[in-house]
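The structure appears below as structure tokens.
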Amino acid sequence: MAKTGFQGARQEDWTPDALVQGGGNVWRPFTQMATEAPPLPVAATHGVRIRLEDGRELIDGMASWWTACHGYNHPHITGAIAGQLEIMPHVMFGGLCHEAATTLARRLARMLPGDLDHVFFCDSGSVAVEIALKMAIQFWINHGVRGRTKFAAFRHGYHGDTMGAMAVSDTEDGMHQVFAGALAENFILDLPRTKAELAAFDSFLGRNRDVLAGVIMEPLVQAAGGMKFHDADTLAAIFAACRRHDVLFLADEVATGFGRTGSMFGCDQAGIAPDILCLSKALTGGTIGLGATVANARVYDAFLGDDLGRALMHGPTFMANPLACAAANASLDLFEAEPRLQEVKAIEARLADALAPCRGIEAVRDVRALGAIGVIELTKMRDLEWLRRRFVELGVWLRPFGDMVYVMPAFTIGADDLGRITDAMVQVVGEWSRRG
């Protein structure tokens, strides 16, 4: 009999031994396939738990790369997907539309800041960023301005794994260093925080305005580039400088959107409305891939006219997939009906308190919490596989990377389960430090 959920699979195909290099056929993400331990076979998910094939359960502190904000298998979302599946699982979006997408676009426009009213759907966060970059460049072209094709972005930034997204990420210290010479050249700057640094950034925009299509950044948290935080005043000041020099401001809220930083969107805390905003990850509550690039009226209007050449020539095959749009609408229902932001506030307080003991550990550089994000930054990373294995032994799922042990759980996680995760973080980091 086939294993759960794998029709046609043989029993021997779904074992740890079959998943090591040389066995199995899956090329895994962010993995050195020659050396890394085999993945843990998962049988099912529910709530904030991952059930493995061998019967063990792990409390999930990753929310599946920060997507499952309502926990796994929420009946309202799965019910919406099932209902949509019976009606129409997919239809092309070129020349056609459907109610799930139009409703979702209208709801997003209502909840986003300013006049971010024009929603272009896609299927992932990286692609949402690619579309935003194309929008910004073509915005200037459509206004008859040539040469404004570069972007300013920030060190420790991460905007995705596709070519354009990598080109505005940190290729010096980030995970895409190997591609540095093959990517479009942009300006990767230190994030300005002090008055002097912000003044220098303002001067930079003035000097380079004629070549800049825009500035792109992750509001409040540079996530996959190192979980680096900055405050709302810094975000507001960078935005204001862009406005002074008429440079488009692009907000990558793929990771920070939908409550993760304590407000619905990171931009909300700074009181700003970007020209273009990117969404994905928690958009569907972690159930199915969907992305969106949302533009304000000024950007959108630049693409209107009698000439097809002025249009945005982009169209992912599965854009506005009805199943994904149904899931996203259901996720927004939950944000409206259930106290998600209050839950995030409580999580932030618990994380700040529970992780504080790590400040006394010699090998710890910093401990910080914002919204539903808790970070223990280490002085250096070693024994990464030992760290990951040790957390599994303690019954929690965390995936340290770079110089961090961090947690980004579902907003619905209970105090006891969150306590088990933070206790494990403090214990394991202490053990790791003593290992020398």
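Labels for the structure tokens follow display order: chains A, B, ..., residues from 1 in each chain, ligands from 1.
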| Contact residues around segment 252-264 of chain A with only C-alpha atoms at 9 Å, ignoring same-chain residues under 2 positions, as a ChimeraX atom specification | /A:65-67,69,111-112,124-126,128-129,159,216-224,250,266-269,276-283,291,332,335,340-342,344-345,348,370-373,408,411
Please provide the set of residues having any atom within 10 Å of segment 296-308 of chain A, restricted to only C-alpha atoms, with same-chain residues fewer than 6 positions apart removed, written as a PDB file with C-alpha atoms, in the first residue's frame.
```pdb
ATOM      1  CA  ALA A 109      -6.857  47.535  -1.905  1.00  0.00           C
ATOM      2  CA  PRO A 113      -2.100  52.029   2.971  1.00  0.00           C
ATOM      3  CA  GLY A 114      -2.621  55.009   0.670  1.00  0.00           C
ATOM      4  CA  ASP A 115      -3.837  54.450  -2.868  1.00  0.00           C
ATOM      5  CA  LEU A 116      -2.275  51.033  -3.397  1.00  0.00           C
ATOM      6  CA  ASP A 117      -5.311  50.038  -5.431  1.00  0.00           C
ATOM      7  CA  HIS A 118      -4.013  48.047  -8.405  1.00  0.00           C
ATOM      8  CA  VAL A 119      -3.194  44.387  -7.752  1.00  0.00           C
ATOM      9  CA  MET A 135       7.013  48.065 -13.083  1.00  0.00           C
ATOM     10  CA  ALA A 136       9.484  50.599 -11.708  1.00  0.00           C
ATOM     11  CA  GLN A 138       8.926  50.691 -17.248  1.00  0.00           C
ATOM     12  CA  PHE A 139       7.246  53.471 -15.274  1.00  0.00           C
ATOM     13  CA  TRP A 140      10.115  55.779 -16.235  1.00  0.00           C
ATOM     14  CA  ILE A 141      10.329  54.439 -19.792  1.00  0.00           C
ATOM     15  CA  ASN A 142       6.617  55.128 -20.282  1.00  0.00           C
ATOM     16  CA  HIS A 143       7.251  58.708 -19.131  1.00  0.00           C
ATOM     17  CA  LEU A 248       9.994  55.293  -6.497  1.00  0.00           C
ATOM     18  CA  ALA A 273       2.339  54.275   1.547  1.00  0.00           C
ATOM     19  CA  PRO A 274       4.917  52.954  -0.944  1.00  0.00           C
ATOM     20  CA  ASP A 275       4.569  53.287  -4.687  1.00  0.00           C
ATOM     21  CA  ILE A 276       4.756  49.506  -5.147  1.00  0.00           C
ATOM     22  CA  LEU A 277       4.306  46.784  -2.515  1.00  0.00           C
TER      23      LEU A 277
END
```
| said: For the helix (DSSP H, G or I) assignment from backbone DSSP, which residues of segment 105-189 of chain A qualify? Please present them as a ChimeraX atom specification. | reply: /A:105-111,125-142,163-167,177-182
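Minimum distance to Arg382 of chain A across A:Met404, A:Ile347, A:Ala295, A:Leu394 (counting only C-alpha atoms) occurs at A:Met404.
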| request: For Gly374 of chain A, please output as a ChimeraX atom specification all residues within 7 Å (counting only C-alpha atoms; exclusion window: fewer than 3 positions along the same chain). | output: /A:351,368-370,406-408
For those residues, write N, CA, C and O atoms to a file as a PDB file, in the first residue's frame.
```pdb
ATOM      1  N   LEU A 351       8.234  36.218  23.861  1.00  0.00           N
ATOM      2  CA  LEU A 351       9.551  35.971  23.276  1.00  0.00           C
ATOM      3  C   LEU A 351      10.609  36.844  23.947  1.00  0.00           C
ATOM      4  O   LEU A 351      11.708  36.367  24.270  1.00  0.00           O
ATOM      5  N   ARG A 368      16.754  39.540  20.384  1.00  0.00           N
ATOM      6  CA  ARG A 368      15.776  40.561  20.029  1.00  0.00           C
ATOM      7  C   ARG A 368      14.449  39.906  19.647  1.00  0.00           C
ATOM      8  O   ARG A 368      14.401  38.749  19.237  1.00  0.00           O
ATOM      9  N   ALA A 369      13.392  40.689  19.795  1.00  0.00           N
ATOM     10  CA  ALA A 369      12.057  40.222  19.436  1.00  0.00           C
ATOM     11  C   ALA A 369      11.276  41.378  18.848  1.00  0.00           C
ATOM     12  O   ALA A 369      11.371  42.521  19.311  1.00  0.00           O
ATOM     13  N   LEU A 370      10.501  41.091  17.831  1.00  0.00           N
ATOM     14  CA  LEU A 370       9.595  42.057  17.223  1.00  0.00           C
ATOM     15  C   LEU A 370       8.413  41.291  16.663  1.00  0.00           C
ATOM     16  O   LEU A 370       8.592  40.377  15.851  1.00  0.00           O
ATOM     17  N   TYR A 406      16.420  31.254  15.469  1.00  0.00           N
ATOM     18  CA  TYR A 406      15.267  32.159  15.503  1.00  0.00           C
ATOM     19  C   TYR A 406      13.969  31.367  15.468  1.00  0.00           C
ATOM     20  O   TYR A 406      13.939  30.187  15.116  1.00  0.00           O
ATOM     21  N   VAL A 407      12.892  32.047  15.848  1.00  0.00           N
ATOM     22  CA  VAL A 407      11.562  31.449  15.841  1.00  0.00           C
ATOM     23  C   VAL A 407      10.597  32.434  15.203  1.00  0.00           C
ATOM     24  O   VAL A 407      10.644  33.640  15.472  1.00  0.00           O
ATOM     25  N   MET A 408       9.735  31.931  14.316  1.00  0.00           N
ATOM     26  CA  MET A 408       8.663  32.719  13.701  1.00  0.00           C
ATOM     27  C   MET A 408       7.421  31.824  13.639  1.00  0.00           C
ATOM     28  O   MET A 408       7.103  31.270  12.592  1.00  0.00           O
TER      29      MET A 408
END
```
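Note that atom CA of Arg107 of chain A and atom CA of Asp333 of chain A are 10.1 Å apart.
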Name the residues in contact with segment 173-187 of chain A at a cut-off of 6 Å, using only C-alpha atoms, excluding same-chain residues fewer than 5 positions from it; report them as a tab-separated table (two decimals) with N, CA and C atoms, in the first residue's frame.
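As a result, result_3.tsv now contains:
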```
chain	number	residue	atom	x	y	z
A	150	LYS	N	18.42	51.40	-12.57
A	150	LYS	CA	19.10	50.81	-11.42
A	150	LYS	C	18.27	51.00	-10.16
A	151	PHE	N	18.62	50.18	-9.15
A	151	PHE	CA	17.92	50.25	-7.87
A	151	PHE	C	18.92	50.42	-6.74
A	152	ALA	N	18.47	51.07	-5.70
A	152	ALA	CA	19.21	51.09	-4.45
A	152	ALA	C	18.54	50.11	-3.49
A	167	ALA	N	19.59	40.37	-7.64
A	167	ALA	CA	20.38	41.56	-7.99
A	167	ALA	C	20.10	42.73	-7.06
```
| message | I'd like to know which residues of segment 194-322 of chain A are strand (DSSP E or B) (by DSSP, run on the backbone); could you write them as a list in words? | response | Leu212, Ala213, Gly214, Val215, Ile216, Met217, Val221, Gln222, Lys228, Phe229, Leu248, Phe249, Leu250, Ala251, Asp252, Ile276, Leu277, Cys278, Leu279, Gly291, Ala292, Thr293, Val294, Ala295 and Asn296 of chain A
| request: Choose the residue, out of A:Gly286, A:Gly315, A:Gly144, A:Pro38, that has the smallest atom-to-atom separation from Ile131 of chain A; count only C-alpha atoms. | output: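 Ranked by minimum distance to Ile131 of chain A, first place goes to A:Gly315.
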| query | Counting only C-alpha atoms, which of A:Val367, A:Arg28, A:Ala80, A:Val91 gets nearest to Phe229 of chain A? | reply | A:Val367
| said: Between atom CA of Lys228 of chain A and atom CA of Gly61 of chain A, what is the distance in Å, rounded to a tenth? | reply: 18.4 Å
| said: Between A:His314, A:Thr287, A:Arg146, A:Ser331, which residue has the minimum interatomic distance to Ser64 of chain A, considering only C-alpha atoms? | reply: A:Thr287
